[in-house]
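Report on the following structure.
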Amino acid sequence: MGETGTTSGIISYNIDARIRTGRPNCEVKFIGTKNLKEMKVIQELATLYSALLLLTGESGELNFKERVIKYKAEGRVHKLKWVYDGVAWDIQSGISVKAKHYKSKHGAIEHAVKELIDKLASHGIITK
């Protein structure tokens with residue numbers, strides 16, 4: 001950020017504020033000259049967006065038969081209803097599974113992990 005001048009006593013700054021969404025190659029970007037009041041609004045929006053990501057998503061990892069399985073769930077609107085999609089992937093093999101349209105984060109994660117374990121077993125990577 002750098003100061004660019006004043007307009008009726010309000011200092012303006014050039015800004016380049018980015019909000020990371022946690023998804024590859026996906027970001028919201030604000031560029032331009034804003035006064036301090038507008039910068040405060042942008043900062044509040046960024047804080048709100050971060051809070052929404054915490055509420056709508058969840059991620060983690062677990063160990064299953066000496067394999068590391070990572071998982072995440074993200075909320076979204078589908079046909080005017082809030083749903084969660086879960087993704088689970090095996091680190092060693094790179095195999096992943098997506099489970100869509102669940103009512104809860106935990107349901108989406110649980111189904112994604114179960115489907116991944118079934119897929120790993122069908123490929124002969126693990127035994128149930």
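Please note that chains go A, B, ... in the order of the structure tokens, that every chain numbers its residues from 1, and that ligands are numbered from 1 in the order shown.
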
Please provide as a CSV table (one decimal) with N, CA and C atoms, in the first residue's frame all residues within 10 Å of A:Trp82, with the sequence filter that same-chain residues fewer than 2 positions apart are discarded (counting only C-alpha atoms).
```
chain,number,residue,atom,x,y,z
A,56,THR,N,-18.1,-22.8,6.8
A,56,THR,CA,-18.6,-23.7,5.8
A,56,THR,C,-17.7,-24.8,5.4
A,75,GLY,N,-19.1,-26.1,2.0
A,75,GLY,CA,-20.5,-25.9,1.8
A,75,GLY,C,-20.7,-25.0,0.6
A,76,ARG,N,-21.9,-25.1,0.0
A,76,ARG,CA,-22.3,-24.3,-1.1
A,76,ARG,C,-23.8,-24.4,-1.3
A,77,VAL,N,-24.3,-23.6,-2.2
A,77,VAL,CA,-25.8,-23.6,-2.5
A,77,VAL,C,-26.0,-24.4,-3.7
A,78,HIS,N,-26.9,-25.4,-3.7
A,78,HIS,CA,-27.3,-26.2,-4.8
A,78,HIS,C,-28.8,-26.2,-4.9
A,79,LYS,N,-29.4,-25.8,-6.0
A,79,LYS,CA,-30.8,-25.7,-6.1
A,79,LYS,C,-31.5,-25.1,-4.9
A,80,LEU,N,-31.0,-23.9,-4.6
A,80,LEU,CA,-31.5,-23.1,-3.5
A,80,LEU,C,-31.5,-23.8,-2.1
A,84,TYR,N,-23.2,-29.8,1.4
A,84,TYR,CA,-21.8,-30.0,1.6
A,84,TYR,C,-21.3,-31.0,0.7
A,101,HIS,N,-23.5,-33.3,-2.1
A,101,HIS,CA,-24.9,-33.0,-1.7
A,101,HIS,C,-25.3,-33.6,-0.4
A,102,TYR,N,-24.5,-33.4,0.7
A,102,TYR,CA,-24.9,-33.9,2.0
A,102,TYR,C,-25.3,-32.7,2.9
A,103,LYS,N,-26.1,-33.1,3.9
A,103,LYS,CA,-26.7,-32.0,4.8
A,103,LYS,C,-25.7,-31.5,5.8
A,104,SER,N,-24.7,-32.3,6.0
A,104,SER,CA,-23.7,-31.8,7.0
A,104,SER,C,-22.3,-32.0,6.5
```

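Non-sequential neighbours of A:Gln92 (distance at most 10 Å, separation of 3 or more positions within a chain, only C-alpha atoms) are Arg67, Val68, Ile69, Trp89 and Ile95 of chain A.
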
- Separation of atom CA of A:Gly86 from atom CA of A:Ile125 in Å: 21.6 Å

- Task: For atom CA of A:Ile126 and atom CA of A:Gly60, determine how far apart the two atoms are, in Å to one decimal place.
- Result: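 Distance between the two atoms: 20.9 Å.
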
- Task: Give the answer as one residue: which of A:Ser96, A:Ser122, A:Thr127, A:Thr47 has the shortest atom-to-atom distance to A:Tyr71, using only C-alpha atoms?
- Result: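 Selected residue with least distance to A:Tyr71: A:Ser96.
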
- Query: So how far away is atom CA of A:Gly57 from atom CA of A:Gly94, in Å?
  - Reply: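 Interatomic distance here is 21.6 Å.
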
- Counting only C-alpha atoms, which of A:His123, A:Lys72, A:Lys65, A:Lys128 gets nearest to A:Lys100? A:Lys72

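Counting only C-alpha atoms and comparing A:Lys70, A:His111, A:Lys81, A:Lys40, the residue that lies closest to A:Lys98 is A:His111.
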
- Query: Which residue out of A:Gly124, A:Ile109, A:Leu45, A:Lys119 has the minimum interatomic distance to A:Ser59 when only C-alpha atoms are used?
  - Reply: A:Ile109

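The nearest approach to A:Ala88 among the residues A:Glu74, A:Glu61, A:Glu44, A:Glu66, with only C-alpha atoms taken into account, belongs to A:Glu61.
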
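Counting only C-alpha atoms and comparing A:Ile91, A:Glu58, A:Leu120, A:Phe64, the residue that lies closest to A:Lys105 is A:Glu58.
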